[in-house]
Structure formats: structure tokens, C-alpha cells
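Peer 1: entry-v9.cif is the file, holding mmCIF, C-alpha atoms:
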data_input
#
loop_
_atom_site.label_atom_id
_atom_site.label_comp_id
_atom_site.auth_asym_id
_atom_site.auth_seq_id
_atom_site.Cartn_x
_atom_site.Cartn_y
_atom_site.Cartn_z
CA MET S 1 -28.83 14.05 9.13
CA SER S 2 -25.86 16.41 8.96
CA GLY S 3 -22.88 15.88 6.71
CA ILE S 4 -20.45 17.33 4.22
CA ILE S 5 -19.21 16.74 0.66
CA GLY S 6 -15.64 15.67 0.04
CA ARG S 7 -13.14 14.21 -2.39
CA LYS S 8 -11.29 10.93 -1.95
CA VAL S 9 -7.54 11.61 -1.87
CA GLY S 10 -6.33 8.04 -1.40
CA MET S 11 -5.56 5.31 1.12
CA THR S 12 -2.79 4.94 3.67
CA SER S 13 -2.27 3.27 7.03
CA ILE S 14 -1.39 4.44 10.54
CA PHE S 15 -0.43 2.73 13.79
CA SER S 16 -2.99 2.82 16.59
CA ALA S 17 -2.16 3.38 20.26
CA ASP S 18 -1.95 -0.38 20.84
CA GLY S 19 0.42 -0.90 17.92
CA ARG S 20 -2.02 -2.21 15.32
CA ASN S 21 -1.59 -1.14 11.68
CA VAL S 22 -4.94 0.39 10.66
CA ALA S 23 -5.89 0.88 7.00
CA CYS S 24 -7.53 4.27 6.47
CA THR S 25 -8.71 6.67 3.77
CA LEU S 26 -7.79 10.33 3.44
CA ILE S 27 -10.67 12.57 2.36
CA GLU S 28 -10.63 16.27 1.52
CA ALA S 29 -13.90 17.29 3.20
CA GLY S 30 -15.09 20.76 2.28
CA PRO S 31 -15.13 23.64 2.57
CA CYS S 32 -18.73 23.55 1.36
CA VAL S 33 -21.01 26.51 0.70
CA VAL S 34 -24.67 26.61 1.73
CA THR S 35 -26.53 27.27 -1.53
CA GLN S 36 -30.10 26.71 -0.32
CA VAL S 37 -31.94 26.35 2.98
CA LYS S 38 -35.33 24.60 2.91
CA ASN S 39 -37.96 24.68 5.65
CA VAL S 40 -41.33 23.14 6.42
CA GLU S 41 -43.30 26.29 5.64
CA SER S 42 -42.11 26.76 2.04
CA ASP S 43 -40.84 23.30 1.05
CA GLY S 44 -42.59 20.85 3.34
CA TYR S 45 -39.40 19.61 5.02
CA ASN S 46 -36.17 20.91 6.54
CA ALA S 47 -33.01 20.55 4.49
CA VAL S 48 -29.71 22.23 3.71
CA GLN S 49 -28.15 22.18 0.24
CA LEU S 50 -24.35 22.20 0.17
CA ALA S 51 -22.09 22.73 -2.84
CA TYR S 52 -18.45 21.74 -3.26
CA GLY S 53 -15.69 21.93 -5.89
CA GLU S 54 -14.95 24.77 -8.27
CA ARG S 55 -16.47 24.69 -11.74
CA LYS S 56 -15.88 26.86 -14.80
CA GLU S 57 -18.73 29.26 -15.46
CA LYS S 58 -18.68 28.52 -19.20
CA ASN S 59 -19.44 24.84 -18.41
CA THR S 60 -22.28 25.64 -16.00
CA PRO S 61 -25.95 25.83 -17.09
CA ARG S 62 -27.39 29.33 -16.81
CA PRO S 63 -30.08 28.37 -14.27
CA LEU S 64 -27.35 26.99 -11.98
CA ILE S 65 -25.26 30.15 -12.41
CA GLY S 66 -28.19 32.17 -11.10
CA HIS S 67 -28.72 29.69 -8.29
CA PHE S 68 -25.12 30.03 -7.13
CA LYS S 69 -25.12 33.83 -7.50
CA LYS S 70 -28.13 33.97 -5.19
CA ALA S 71 -25.97 32.31 -2.55
CA GLY S 72 -23.10 34.69 -3.33
CA THR S 73 -20.68 32.02 -4.48
CA THR S 74 -18.96 30.79 -7.63
CA PRO S 75 -20.27 27.79 -9.63
CA LYS S 76 -19.63 24.43 -7.97
CA LYS S 77 -19.29 20.89 -9.32
CA LYS S 78 -21.19 18.88 -6.72
CA VAL S 79 -24.49 19.81 -5.06
CA VAL S 80 -25.99 17.62 -2.32
CA GLU S 81 -29.03 18.08 -0.11
CA PHE S 82 -28.90 17.00 3.53
CA ARG S 83 -32.35 16.57 5.08
CA ASP S 84 -32.99 17.48 8.71
CA PHE S 85 -29.61 19.09 9.33
CA ARG S 86 -28.91 18.84 13.06
CA ILE S 87 -30.43 21.50 15.30
CA GLU S 88 -27.07 22.58 16.76
CA PHE S 89 -26.18 24.05 13.35
CA GLU S 90 -29.05 26.54 13.57
CA GLY S 91 -27.68 29.90 12.42
CA GLN S 92 -24.50 28.37 11.00
CA VAL S 93 -26.21 27.15 7.85
CA ASP S 94 -27.54 30.44 6.55
CA LEU S 95 -27.41 31.05 2.80
CA GLY S 96 -23.85 31.66 1.62
CA LYS S 97 -22.19 30.40 4.80
CA THR S 98 -19.18 28.06 4.59
CA VAL S 99 -19.29 24.68 6.33
CA LYS S 100 -15.98 23.02 7.21
CA ALA S 101 -15.15 19.47 8.28
CA ASP S 102 -14.17 20.33 11.87
CA GLU S 103 -17.55 22.05 12.36
CA VAL S 104 -19.45 18.83 11.56
CA PHE S 105 -17.16 16.04 12.83
CA ILE S 106 -14.81 15.53 15.74
CA GLU S 107 -12.19 12.84 16.21
CA GLY S 108 -13.76 9.62 17.42
CA ASP S 109 -17.07 10.17 15.60
CA PHE S 110 -18.59 7.50 13.39
CA LEU S 111 -19.74 8.46 9.90
CA ASP S 112 -21.26 6.91 6.77
CA ALA S 113 -19.48 7.36 3.44
CA ILE S 114 -21.39 7.34 0.15
CA GLY S 115 -19.61 7.11 -3.19
CA THR S 116 -19.80 5.60 -6.66
CA SER S 117 -17.90 2.33 -6.90
CA LYS S 118 -15.31 1.72 -9.60
CA GLY S 119 -16.81 0.59 -12.90
CA LYS S 120 -15.59 -2.84 -14.03
CA GLY S 121 -17.41 -3.08 -17.35
CA PHE S 122 -19.12 -6.28 -18.52
CA GLN S 123 -17.98 -9.13 -16.26
CA GLY S 124 -18.73 -12.83 -15.94
CA VAL S 125 -20.37 -14.63 -13.04
CA VAL S 126 -17.09 -15.57 -11.33
CA LYS S 127 -15.98 -11.94 -10.91
CA ARG S 128 -19.45 -10.42 -10.62
CA HIS S 129 -21.09 -12.86 -8.17
CA GLY S 130 -18.23 -14.97 -6.85
CA PHE S 131 -19.26 -18.20 -8.59
CA ALA S 132 -16.73 -21.03 -8.34
CA GLY S 133 -17.14 -22.02 -11.98
CA VAL S 134 -18.08 -25.47 -13.22
CA GLY S 135 -14.82 -26.96 -11.92
CA GLY S 136 -13.11 -30.16 -12.92
CA ALA S 137 -11.10 -30.80 -16.05
CA THR S 138 -12.41 -34.26 -16.92
CA HIS S 139 -15.74 -36.10 -17.39
CA GLY S 140 -16.23 -34.40 -20.73
CA GLN S 141 -15.69 -30.83 -19.53
CA HIS S 142 -14.40 -28.52 -22.23
CA ASN S 143 -13.81 -24.75 -21.91
CA ARG S 144 -16.39 -24.36 -19.12
CA ALA S 145 -14.15 -23.45 -16.19
CA ARG S 146 -15.75 -20.02 -15.62
CA HIS S 147 -19.21 -20.64 -17.06
CA PRO S 148 -22.40 -20.08 -15.04
CA GLY S 149 -23.85 -23.57 -15.41
CA SER S 150 -27.57 -24.26 -15.53
CA ILE S 151 -29.97 -21.30 -15.37
CA GLY S 152 -33.22 -23.23 -14.91
CA ALA S 153 -35.31 -26.32 -15.52
CA CYS S 154 -36.91 -27.61 -18.72
CA SER S 155 -40.63 -27.84 -19.51
CA TRP S 156 -41.47 -26.33 -16.14
CA PRO S 157 -41.37 -23.42 -15.57
CA SER S 158 -40.35 -22.95 -19.24
CA ARG S 159 -38.71 -19.68 -18.39
CA VAL S 160 -35.81 -18.19 -16.43
CA PHE S 161 -36.77 -16.76 -13.05
CA LYS S 162 -36.30 -13.02 -12.58
CA GLY S 163 -33.24 -12.10 -10.58
CA MET S 164 -31.13 -14.99 -11.84
CA ARG S 165 -27.49 -14.08 -11.27
CA MET S 166 -25.77 -13.82 -14.63
CA ALA S 167 -22.96 -11.97 -16.33
CA GLY S 168 -23.44 -8.25 -16.87
CA ARG S 169 -22.34 -4.69 -16.21
CA THR S 170 -20.44 -4.52 -12.92
CA GLY S 171 -19.56 -1.60 -10.66
CA GLY S 172 -20.45 2.05 -11.09
CA ASP S 173 -23.11 1.79 -8.37
CA ARG S 174 -23.94 4.08 -5.48
CA VAL S 175 -22.45 2.37 -2.43
CA LYS S 176 -22.82 3.32 1.24
CA VAL S 177 -20.28 2.17 3.83
CA ILE S 178 -21.44 2.68 7.40
CA ASN S 179 -19.74 3.23 10.77
CA LEU S 180 -16.29 4.44 9.71
CA ARG S 181 -14.42 6.02 12.62
CA VAL S 182 -12.89 9.50 12.28
CA LEU S 183 -9.27 8.92 13.25
CA LYS S 184 -7.81 12.37 12.62
CA ILE S 185 -8.93 15.80 11.40
CA TYR S 186 -6.58 18.35 9.83
CA PRO S 187 -8.69 21.56 9.88
CA GLU S 188 -6.03 23.76 8.25
CA LYS S 189 -6.02 21.48 5.19
CA ASN S 190 -9.72 20.38 5.31
CA LEU S 191 -8.65 16.74 5.54
CA ILE S 192 -10.30 13.86 7.39
CA LEU S 193 -8.68 10.49 8.04
CA VAL S 194 -11.26 7.69 8.42
CA SER S 195 -10.77 4.01 9.15
CA GLY S 196 -11.33 1.48 6.40
CA SER S 197 -12.02 1.91 2.71
CA VAL S 198 -14.37 4.27 0.90
CA PRO S 199 -16.04 3.39 -2.43
CA GLY S 200 -14.79 4.98 -5.63
CA PRO S 201 -11.48 5.83 -7.30
CA LYS S 202 -9.09 8.60 -6.28
CA ASN S 203 -10.43 12.16 -6.76
CA SER S 204 -14.04 10.94 -6.81
CA PHE S 205 -16.73 12.75 -4.84
CA VAL S 206 -17.71 11.32 -1.47
CA ILE S 207 -20.68 12.25 0.73
CA LEU S 208 -20.02 11.99 4.46
CA GLU S 209 -23.05 11.68 6.73
CA LYS S 210 -23.18 11.78 10.51
#
Can I see the file as C-alpha cells?

Peer 2:
Amino acid sequence: MSGIIGRKVGMTSIFSADGRNVACTLIEAGPCVVTQVKNVESDGYNAVQLAYGERKEKNTPRPLIGHFKKAGTTPKKKVVEFRDFRIEFEGQVDLGKTVKADEVFIEGDFLDAIGTSKGKGFQGVVKRHGFAGVGGATHGQHNRARHPGSIGACSWPSRVFKGMRMAGRTGGDRVKVINLRVLKIYPEKNLILVSGSVPGPKNSFVILEK
């Protein structure tokens, strides 16, 4: 699985060749630095570790400073490991090499985007799970429009089943969106335009996998 680390810039829309208005997301993908190369002999599997985003040295743990210096680069914010990097990148992913978006993707490719969704805080069942609410304003109903309703039976099973959908902390999860098409690549600016939406707020880190 090859890929690259990026940053979500924001959303826009473009017109396709047949005149349709297509919603898309602009992502600053790379440049990433290869900070570690793993192989079967020493690590038990093949993988490439990429790093992205500048970080102040004073805010970087000392072990990480040494790790980045070994790769001949400055401290980075985001480090991601890509297992089984594609064979055609053999030689291009040596320690300290720079990986750019146009070296991994081409226009027309399909990719998977991984990000952390926006945190919504503590939410009720209507917003969190799409419940319709109790409904109705008569037959004795009072202030129950957005309540969850019954959560179980009585003497049997005398408990609430695990997994019952209730109110709680919403968002802030790792989310993967698959099969987004690469619409345009701007190699001079390290930008990728992909169809559809990508999880997370603006300026959040995004992992793009091919």
C-alpha cells in the first residue's frame, strides 16, 4: 500500500467535461521525507515511514530529534508508516529521500482518504444516531420530543443490552473514505484535487492511500 501524508486545505467545486458541478476537496499532499525503511530481514515486514509538516525542535522529544537527524531532515509533525510500499518505488524510497504527490498519484487514480472527523462533543440520540424522537405533542407527551425512548424490557433481561445506542461523545473518530477520484494534480504547489469530501476540519492531517 503506497501513499502520502497531506493537509486538508478546504472544499470547492469544479465543472466536469459533461457540465456537471462536482464537489471536491483540495489537499496539500507532501512533500514527505522518508525517515525509516523497514524490511523483512530486520523488522519482519516491508514498510516505509514518511514524515510531513515542520515542527519546532524545542517542542520535539529528544529521541525523535535523533530519529529525524538520522534521516538528514528537520523535525516533522506527522509520521505515518505505509506497509508494503509498491515495488515500482524501489530505490525512490531510500532514507532521506523526498516523496511528492505526482510521484505517487496520477490524474484519474482512485485513492482512500483517512482523517479524524470533527468533534461534536456530547450529543443526544437524534444527532448522534439519527433517531426521530418520540414524536407527537399530545397523548400526555411532555418535553420528550428528542428523547431516546425505551432502552429495554422489565424483569427480563433485567439489564440493558451492550451496544444500545444512546447519547454520548460524538465525532473525533478515525474515518476512512474510499474510492475518491484524483481530479487534478498541481505538482508545483504539491496540491491534489479529489472528488467528494474528506473527514476532518481545515488544516487537519490527511493520509492518502493508493

Peer 1: Can you tell me, as JSON, numbers by chain, what residues are no more than 8 Å from segment 48-52 of chain S when counting all atoms listed in the file, ignoring any on the same chain fewer than 2 positions away?

Peer 2: {"S": [4, 5, 6, 30, 31, 32, 33, 34, 35, 36, 37, 38, 46, 54, 76, 77, 78, 79, 80, 81, 82, 83, 84, 85, 93]}

Peer 1: Using only C-alpha atoms, find the one residue out of S:Glu41, S:Asp102, S:Gly96, S:Asn203 that sits nearest to Glu188 of chain S.

Peer 2: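 Of S:Glu41, S:Asp102, S:Gly96, S:Asn203, the one nearest Glu188 of chain S, counting only C-alpha atoms, is S:Asp102.
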
Peer 1: Could you please determine the separation between atom CA of Gly196 of chain S and atom CA of Gly3 of chain S in Å, to one decimal place?

Peer 2: 18.5 Å

Peer 1: Write out as a ChimeraX atom specification the residues lying within 10 Å of Leu208 of chain S, counting all atoms listed in the file and excluding same-chain residues fewer than 2 positions away.

Peer 2: /S:2-7,27,29,101,104-105,111-115,176-178,180,205-206,210

Peer 1: When the PyMOL selection byres ((chain S and resi 131) around 10) is applied to the structure above, which residues does it catch, written out as a list in words?

Peer 2: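 Selected by the PyMOL selection byres ((chain S and resi 131) around 10) here: Gly124, Val125, Val126, Lys127, Arg128, His129, Gly130, Ala132, Gly133, Val134, Arg146, His147, Pro148, Gly149, Arg165 and Met166 of chain S.
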
Peer 1: Do you have the atom CA of Leu95 of chain S-atom CA of Lys69 of chain S distance handy?

Peer 2: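 Pair atom CA of Leu95 of chain S / atom CA of Lys69 of chain S returns 10.9 Å.
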
Peer 1: So how many Å separate atom CA of Gly10 of chain S and atom CA of Asp173 of chain S, to one decimal?

Peer 2: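 Computed distance, atom CA of Gly10 of chain S to atom CA of Asp173 of chain S, equals 19.2 Å.
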
Peer 1: If we count only C-alpha atoms and set the cut-off at 9 Å, which residues sit around Ser197 of chain S, ignoring sequence neighbours fewer than 2 positions away in its own chain? Please answer as a count of residues only.

Peer 2: 9

Peer 1: How big is the axis-aligned box around the listed atoms of segment 117-123 of chain S once 4 Å is added on each side, and where is its centre? Give both in Å to one decimal, as JSON.

Peer 2:
{"center_x": -17.2, "center_y": -3.4, "center_z": -12.7, "size_x": 11.8, "size_y": 19.5, "size_z": 19.6}
